[in-house]
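Asker: Can you keep this structure in mind? I'll have questions shortly.
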Amino acid sequence: MMTKDMAIEVRDVQKRYGHIQALKGLTLDIAKGQIFGLIGANGAGKSTFIKLLVGISKADQGDLRIFGLDPNKHLAELRQQIGYMPQSPALYEDLSAADNLRFFGRAHRLSQLNSHVEEALDFVELSQRADDPVGNLSGGMRQRVSLACALVHQPRLLLLDEPTAGVDLKLRSAFWRHFKQLAEQGTTILVSTHQMDEAIHCNHLAIISQGEIIANDRPDNLLLRGRATVRIWRKGKPQAFQFEHYPEELAALLHAQGLDKEVQRVEIEPSSLEEIVLNMLEPSQDIQEIKDARLN
Ligand code: ATP
């Protein structure tokens, strides 16, 4: 433990709520400056894990370090370095957006509070609504205020628990633009989601299922685990071939089939990241069923 390039180090962490074993021995490393995606269905253990990192709850067993520090022993010190966006925004409805940020800023004993507040509101493009009570803002705007609250003290580590849940497409893409901008400036970001179209934006993914990590890899490596369907069209009809490793096996297929004049069209349809992850979560399903399914 305590590698200097690592923001988060987790070894065999377990957490139980009564008879529910929410985390069954989690082990993972998150390098500094990464956007690390934690992917899992409802109840997989994502929020439980994030709460351990924030220091809101305590692991039953195992070892956990953030920037080399144990969150249970160095809570105050780490709080200054961590920004946390909970799953449902924890905001004061009757206070203005700016006052909510000031509240969080004061809790972090920020100097130059007002300029930090302005900067964070500007970052989430809410400067125009700074003085509106949060209760009058739309759901998406509240999510943005919540993100700004997590950012106001310019933390080195951002823990975002389903930050884009219930957020429209345009705002989601704005959020991801913000996350990438922050990561470029050196912030480490852990983001939990069950939206697979978002997973592709992450540098690294951990797939969590029933309290266990079942895959931990870069999205491009995960994509290599997919299957592909190749369709060769002759006389207006397709013939389909399934591949486990199509980049390696495609040439052999084309050698065997030949590309004679009758071939009208060749289609290659690789599995999407969503299909690959769903297949990991429920290996018994076949591709078509997976296509029709949703993570939750
Ligand atoms: P979601 O995507 O639905 O938010 P999640 O991956 O964040 O799910 P967790 O909230 O970590 O999942 O829950 C993991 C398991 O632990 C679930 O079975 C949940 O019911 C249980 N759990 C979580 N918090 C508590 C608690 N305070 N008391 C009892 N059980 C809990």
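Chain labels A, B, ... are given in the sequence in which chains occur in the structure tokens; within each chain residues are numbered consecutively from 1, and ligands are likewise numbered from 1 in the order shown.
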Using only C-alpha atoms, what table do you get, as a tab-separated table, when you list each residue of stretch 200-224 of chain A with an atom no more than 9 Å from stretch 21-38 of chain A, its nearest pair of atoms, and their distance in Å rounded to one decimal, rows by chain then rising number?
Answerer:
```
residue	atom	partner	partner_atom	distance
A:Ile200	CA	A:Gly37	CA	9.0
A:His201	CA	A:Ile35	CA	8.0
A:Cys202	CA	A:Ile35	CA	5.1
A:Asn203	CA	A:Ile35	CA	5.4
A:His204	CA	A:Phe36	CA	5.0
A:Leu205	CA	A:Gly37	CA	4.7
A:Ala206	CA	A:Leu38	CA	5.1
A:Ile207	CA	A:Leu38	CA	6.1
A:Ile208	CA	A:Leu38	CA	7.0
A:Gln210	CA	A:Ala22	CA	7.0
A:Gly211	CA	A:Leu23	CA	4.0
A:Glu212	CA	A:Lys24	CA	5.7
A:Ile213	CA	A:Leu26	CA	6.6
A:Asn216	CA	A:Leu28	CA	8.1
```
Asker: Please save all heavy atoms of the selected residues as a short mmCIF file (atom, residue, chain, number, x, y, z; two decimals), in the first residue's frame.
Answerer:
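Output file part.cif is given in full below:
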```
data_model
loop_
_atom_site.label_atom_id
_atom_site.label_comp_id
_atom_site.auth_asym_id
_atom_site.auth_seq_id
_atom_site.Cartn_x
_atom_site.Cartn_y
_atom_site.Cartn_z
N ILE A 200 -17.98 4.90 -21.30
CA ILE A 200 -16.96 5.04 -22.33
C ILE A 200 -16.11 6.31 -22.13
O ILE A 200 -14.99 6.40 -22.60
CB ILE A 200 -17.63 4.98 -23.74
CG1 ILE A 200 -16.66 4.48 -24.79
CG2 ILE A 200 -18.28 6.28 -24.12
CD1 ILE A 200 -16.55 3.00 -24.86
N HIS A 201 -16.63 7.28 -21.36
CA HIS A 201 -15.87 8.51 -21.08
C HIS A 201 -14.79 8.29 -20.02
O HIS A 201 -13.96 9.17 -19.80
CB HIS A 201 -16.80 9.60 -20.54
CG HIS A 201 -17.82 10.09 -21.51
ND1 HIS A 201 -17.48 10.77 -22.65
CD2 HIS A 201 -19.16 10.00 -21.52
CE1 HIS A 201 -18.58 11.08 -23.31
NE2 HIS A 201 -19.62 10.62 -22.64
N CYS A 202 -14.85 7.16 -19.31
CA CYS A 202 -13.92 6.94 -18.19
C CYS A 202 -12.59 6.39 -18.71
O CYS A 202 -12.54 5.71 -19.72
CB CYS A 202 -14.52 5.96 -17.19
SG CYS A 202 -16.06 6.53 -16.47
N ASN A 203 -11.51 6.66 -17.97
CA ASN A 203 -10.21 6.07 -18.32
C ASN A 203 -10.13 4.63 -17.87
O ASN A 203 -9.36 3.84 -18.40
CB ASN A 203 -9.04 6.79 -17.62
CG ASN A 203 -9.08 8.27 -17.80
OD1 ASN A 203 -9.21 9.02 -16.84
ND2 ASN A 203 -8.98 8.70 -19.04
N HIS A 204 -10.89 4.31 -16.84
CA HIS A 204 -10.81 2.98 -16.26
C HIS A 204 -12.17 2.63 -15.67
O HIS A 204 -12.88 3.52 -15.20
CB HIS A 204 -9.74 2.97 -15.15
CG HIS A 204 -9.15 1.63 -14.94
ND1 HIS A 204 -7.95 1.24 -15.48
CD2 HIS A 204 -9.61 0.56 -14.25
CE1 HIS A 204 -7.71 -0.01 -15.12
NE2 HIS A 204 -8.70 -0.45 -14.37
N LEU A 205 -12.52 1.34 -15.72
CA LEU A 205 -13.83 0.93 -15.21
C LEU A 205 -13.69 -0.24 -14.25
O LEU A 205 -12.88 -1.14 -14.49
CB LEU A 205 -14.73 0.48 -16.37
CG LEU A 205 -15.12 1.51 -17.41
CD1 LEU A 205 -15.86 0.84 -18.56
CD2 LEU A 205 -15.98 2.60 -16.79
N ALA A 206 -14.48 -0.21 -13.20
CA ALA A 206 -14.64 -1.40 -12.37
C ALA A 206 -16.11 -1.78 -12.43
O ALA A 206 -16.98 -0.93 -12.21
CB ALA A 206 -14.21 -1.13 -10.94
N ILE A 207 -16.38 -3.02 -12.76
CA ILE A 207 -17.76 -3.50 -12.80
C ILE A 207 -18.02 -4.21 -11.48
O ILE A 207 -17.29 -5.15 -11.13
CB ILE A 207 -18.01 -4.50 -13.96
CG1 ILE A 207 -17.32 -4.04 -15.26
CG2 ILE A 207 -19.50 -4.76 -14.15
CD1 ILE A 207 -17.87 -2.81 -15.89
N ILE A 208 -19.03 -3.74 -10.77
CA ILE A 208 -19.32 -4.31 -9.45
C ILE A 208 -20.68 -4.99 -9.50
O ILE A 208 -21.64 -4.46 -10.03
CB ILE A 208 -19.19 -3.21 -8.35
CG1 ILE A 208 -19.51 -3.73 -6.98
CG2 ILE A 208 -20.01 -2.01 -8.64
CD1 ILE A 208 -19.09 -2.76 -5.87
N GLN A 210 -23.17 -7.42 -6.93
CA GLN A 210 -23.44 -8.02 -5.62
C GLN A 210 -22.24 -7.93 -4.68
O GLN A 210 -21.82 -8.92 -4.08
CB GLN A 210 -23.89 -9.47 -5.80
CG GLN A 210 -25.20 -9.53 -6.55
CD GLN A 210 -25.63 -10.95 -6.88
OE1 GLN A 210 -25.18 -11.90 -6.25
NE2 GLN A 210 -26.51 -11.08 -7.84
N GLY A 211 -21.67 -6.73 -4.61
CA GLY A 211 -20.60 -6.48 -3.66
C GLY A 211 -19.23 -6.99 -4.07
O GLY A 211 -18.29 -6.96 -3.27
N GLU A 212 -19.12 -7.45 -5.33
CA GLU A 212 -17.82 -7.96 -5.79
C GLU A 212 -17.43 -7.30 -7.10
O GLU A 212 -18.30 -7.03 -7.94
CB GLU A 212 -17.88 -9.47 -6.03
CG GLU A 212 -17.89 -10.27 -4.75
CD GLU A 212 -17.99 -11.76 -5.04
OE1 GLU A 212 -19.07 -12.19 -5.47
OE2 GLU A 212 -16.99 -12.46 -4.84
N ILE A 213 -16.12 -7.11 -7.29
CA ILE A 213 -15.66 -6.56 -8.57
C ILE A 213 -15.48 -7.71 -9.55
O ILE A 213 -14.70 -8.64 -9.28
CB ILE A 213 -14.37 -5.75 -8.38
CG1 ILE A 213 -14.72 -4.48 -7.61
CG2 ILE A 213 -13.73 -5.41 -9.72
CD1 ILE A 213 -13.59 -3.59 -7.30
N ASN A 216 -12.15 -5.18 -14.01
CA ASN A 216 -11.44 -3.96 -13.62
C ASN A 216 -10.44 -3.68 -14.73
O ASN A 216 -9.39 -4.30 -14.79
CB ASN A 216 -10.75 -4.23 -12.27
CG ASN A 216 -10.03 -3.00 -11.74
OD1 ASN A 216 -10.01 -1.95 -12.38
ND2 ASN A 216 -9.42 -3.15 -10.59
#
```
Asker: Counting only C-alpha atoms and all ligand atoms, name the residues that have an atom within 10 Å of an atom of ligand 1; the answer should be given as a PyMOL selection string.
Answerer: chain A and resi 15-23+38-51+57+87-88+161-162+165+192-194+208-211+295-296
Asker: Between A:Ala174, A:Ile268, A:Ile8, A:Leu75, single out the one closest to A:Glu125, counting only C-alpha atoms.
Answerer: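 Nearest to A:Glu125: A:Ala174.
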Asker: Would you give me, as number ranges by chain, the residues in stretch 81-235 of chain A that DSSP reads as strand (DSSP E or B)?
Answerer: A: 82-85, 96, 133, 157-161, 188-193, 204-209, 212-217, 228-234
Asker: Please produce a file of those selected residues containing N, CA and C atoms, as an mmCIF file, in the first residue's frame.
Answerer:
```cif
data_model
loop_
_atom_site.group_PDB
_atom_site.id
_atom_site.type_symbol
_atom_site.label_atom_id
_atom_site.label_comp_id
_atom_site.auth_asym_id
_atom_site.auth_seq_id
_atom_site.Cartn_x
_atom_site.Cartn_y
_atom_site.Cartn_z
ATOM 1 N N ILE A 82 -11.327 16.128 -0.411
ATOM 2 C CA ILE A 82 -12.349 15.350 -1.105
ATOM 3 C C ILE A 82 -13.591 16.191 -1.362
ATOM 4 N N GLY A 83 -14.143 16.082 -2.564
ATOM 5 C CA GLY A 83 -15.454 16.657 -2.862
ATOM 6 C C GLY A 83 -16.416 15.512 -3.077
ATOM 7 N N TYR A 84 -17.572 15.575 -2.438
ATOM 8 C CA TYR A 84 -18.525 14.454 -2.506
ATOM 9 C C TYR A 84 -19.851 14.964 -3.028
ATOM 10 N N MET A 85 -20.351 14.323 -4.062
ATOM 11 C CA MET A 85 -21.679 14.640 -4.568
ATOM 12 C C MET A 85 -22.554 13.422 -4.308
ATOM 13 N N SER A 96 -30.247 30.472 -1.348
ATOM 14 C CA SER A 96 -29.918 30.640 -2.765
ATOM 15 C C SER A 96 -28.816 29.650 -3.142
ATOM 16 N N PRO A 133 -33.482 30.998 -4.879
ATOM 17 C CA PRO A 133 -33.529 29.898 -3.897
ATOM 18 C C PRO A 133 -33.479 28.559 -4.636
ATOM 19 N N LEU A 157 -9.744 15.152 -5.069
ATOM 20 C CA LEU A 157 -10.478 13.922 -5.366
ATOM 21 C C LEU A 157 -11.972 14.228 -5.344
ATOM 22 N N LEU A 158 -12.656 13.846 -6.408
ATOM 23 C CA LEU A 158 -14.111 14.044 -6.468
ATOM 24 C C LEU A 158 -14.782 12.685 -6.448
ATOM 25 N N LEU A 159 -15.724 12.502 -5.519
ATOM 26 C CA LEU A 159 -16.479 11.258 -5.434
ATOM 27 C C LEU A 159 -17.910 11.580 -5.843
ATOM 28 N N LEU A 160 -18.326 11.071 -6.984
ATOM 29 C CA LEU A 160 -19.618 11.454 -7.555
ATOM 30 C C LEU A 160 -20.511 10.227 -7.638
ATOM 31 N N ASP A 161 -21.573 10.241 -6.833
ATOM 32 C CA ASP A 161 -22.464 9.073 -6.780
ATOM 33 C C ASP A 161 -23.639 9.296 -7.736
ATOM 34 N N THR A 188 -8.611 13.783 -9.451
ATOM 35 C CA THR A 188 -9.003 12.382 -9.608
ATOM 36 C C THR A 188 -10.516 12.304 -9.416
ATOM 37 N N ILE A 189 -11.184 11.556 -10.287
ATOM 38 C CA ILE A 189 -12.649 11.499 -10.211
ATOM 39 C C ILE A 189 -13.111 10.043 -10.166
ATOM 40 N N LEU A 190 -13.874 9.740 -9.133
ATOM 41 C CA LEU A 190 -14.534 8.431 -9.068
ATOM 42 C C LEU A 190 -16.018 8.687 -9.294
ATOM 43 N N VAL A 191 -16.581 8.063 -10.319
ATOM 44 C CA VAL A 191 -17.967 8.330 -10.647
ATOM 45 C C VAL A 191 -18.724 7.007 -10.741
ATOM 46 N N SER A 192 -19.827 6.930 -10.022
ATOM 47 C CA SER A 192 -20.619 5.701 -10.123
ATOM 48 C C SER A 192 -21.779 5.955 -11.078
ATOM 49 N N THR A 193 -22.101 4.949 -11.856
ATOM 50 C CA THR A 193 -23.191 5.102 -12.819
ATOM 51 C C THR A 193 -23.734 3.739 -13.212
ATOM 52 N N HIS A 204 -10.893 4.313 -16.836
ATOM 53 C CA HIS A 204 -10.809 2.976 -16.257
ATOM 54 C C HIS A 204 -12.174 2.634 -15.670
ATOM 55 N N LEU A 205 -12.520 1.343 -15.717
ATOM 56 C CA LEU A 205 -13.834 0.932 -15.209
ATOM 57 C C LEU A 205 -13.688 -0.241 -14.255
ATOM 58 N N ALA A 206 -14.484 -0.212 -13.199
ATOM 59 C CA ALA A 206 -14.639 -1.405 -12.367
ATOM 60 C C ALA A 206 -16.114 -1.777 -12.428
ATOM 61 N N ILE A 207 -16.377 -3.022 -12.761
ATOM 62 C CA ILE A 207 -17.762 -3.496 -12.797
ATOM 63 C C ILE A 207 -18.018 -4.210 -11.481
ATOM 64 N N ILE A 208 -19.035 -3.743 -10.766
ATOM 65 C CA ILE A 208 -19.317 -4.306 -9.447
ATOM 66 C C ILE A 208 -20.677 -4.995 -9.496
ATOM 67 N N SER A 209 -20.698 -6.215 -8.959
ATOM 68 C CA SER A 209 -21.942 -6.982 -8.942
ATOM 69 C C SER A 209 -22.068 -7.663 -7.589
ATOM 70 N N GLU A 212 -19.115 -7.454 -5.334
ATOM 71 C CA GLU A 212 -17.816 -7.961 -5.791
ATOM 72 C C GLU A 212 -17.427 -7.297 -7.103
ATOM 73 N N ILE A 213 -16.117 -7.109 -7.291
ATOM 74 C CA ILE A 213 -15.662 -6.557 -8.570
ATOM 75 C C ILE A 213 -15.479 -7.711 -9.545
ATOM 76 N N ILE A 214 -16.190 -7.662 -10.661
ATOM 77 C CA ILE A 214 -16.100 -8.774 -11.601
ATOM 78 C C ILE A 214 -15.262 -8.405 -12.837
ATOM 79 N N ALA A 215 -14.928 -7.139 -12.987
ATOM 80 C CA ALA A 215 -14.000 -6.729 -14.049
ATOM 81 C C ALA A 215 -13.412 -5.386 -13.644
ATOM 82 N N ASN A 216 -12.146 -5.181 -14.007
ATOM 83 C CA ASN A 216 -11.444 -3.959 -13.620
ATOM 84 C C ASN A 216 -10.442 -3.683 -14.730
ATOM 85 N N ASP A 217 -10.813 -2.797 -15.661
ATOM 86 C CA ASP A 217 -9.993 -2.655 -16.865
ATOM 87 C C ASP A 217 -10.298 -1.346 -17.567
ATOM 88 N N ALA A 228 -18.518 -10.525 -31.986
ATOM 89 C CA ALA A 228 -18.948 -9.742 -33.143
ATOM 90 C C ALA A 228 -19.740 -10.636 -34.075
ATOM 91 N N THR A 229 -20.695 -10.037 -34.755
ATOM 92 C CA THR A 229 -21.411 -10.757 -35.804
ATOM 93 C C THR A 229 -20.947 -10.174 -37.135
ATOM 94 N N VAL A 230 -20.506 -11.071 -38.007
ATOM 95 C CA VAL A 230 -20.126 -10.641 -39.363
ATOM 96 C C VAL A 230 -21.187 -11.173 -40.313
ATOM 97 N N ARG A 231 -21.724 -10.299 -41.145
ATOM 98 C CA ARG A 231 -22.730 -10.728 -42.126
ATOM 99 C C ARG A 231 -22.185 -10.515 -43.522
ATOM 100 N N ILE A 232 -22.237 -11.583 -44.295
ATOM 101 C CA ILE A 232 -21.794 -11.491 -45.691
ATOM 102 C C ILE A 232 -23.024 -11.641 -46.577
ATOM 103 N N TRP A 233 -23.293 -10.632 -47.388
ATOM 104 C CA TRP A 233 -24.507 -10.611 -48.218
ATOM 105 C C TRP A 233 -24.198 -11.091 -49.635
ATOM 106 N N ARG A 234 -24.977 -12.116 -50.043
ATOM 107 C CA ARG A 234 -24.937 -12.565 -51.450
ATOM 108 C C ARG A 234 -26.371 -12.712 -51.931
#
```
Asker: Point out the residue among A:Leu253, A:Ala240, A:Leu222, A:Leu121 with the least atom-to-atom distance to A:Val145, counting only C-alpha atoms.
Answerer: A:Leu121
Asker: Point out the residue among A:Arg109, A:Lys180, A:Arg227, A:His74 with the least atom-to-atom distance to A:Pro247, counting only C-alpha atoms.
Answerer: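 Of all the options, A:Arg227 lies closest to A:Pro247.
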Asker: Give me the residues within 12 Å of A:Ala90 as a list in words, counting only C-alpha atoms and dropping any in the same chain fewer than 3 places off.
Answerer: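 Within the cut-off, the hits are Tyr84, Met85, Pro86, Gln87, Glu93, Asn100, Leu101, Phe103, Phe104, Val134, Gly135, Arg142, Gln143, Arg144, Val145, Ser146, Leu147, Cys149 and Ala150 of chain A.
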Asker: Which one is closest to A:Gly140: A:Arg225, A:Lys170, A:Arg156, A:His116? Count only C-alpha atoms.
Answerer: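 Of A:Arg225, A:Lys170, A:Arg156, A:His116, the one nearest A:Gly140 is A:Lys170, counting only C-alpha atoms.
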Asker: Find the spatial neighbours of A:Asp63, counting only C-alpha atoms, within a cut-off of 12 Å - ignore same-chain residues fewer than 4 positions away - and output them as JSON, numbers by chain.
Answerer: {"A": [1, 2, 8, 9, 10, 11, 12, 13, 14, 15, 25, 26, 27, 28, 29, 52, 53, 58, 59, 68, 69, 70, 71, 72, 73]}
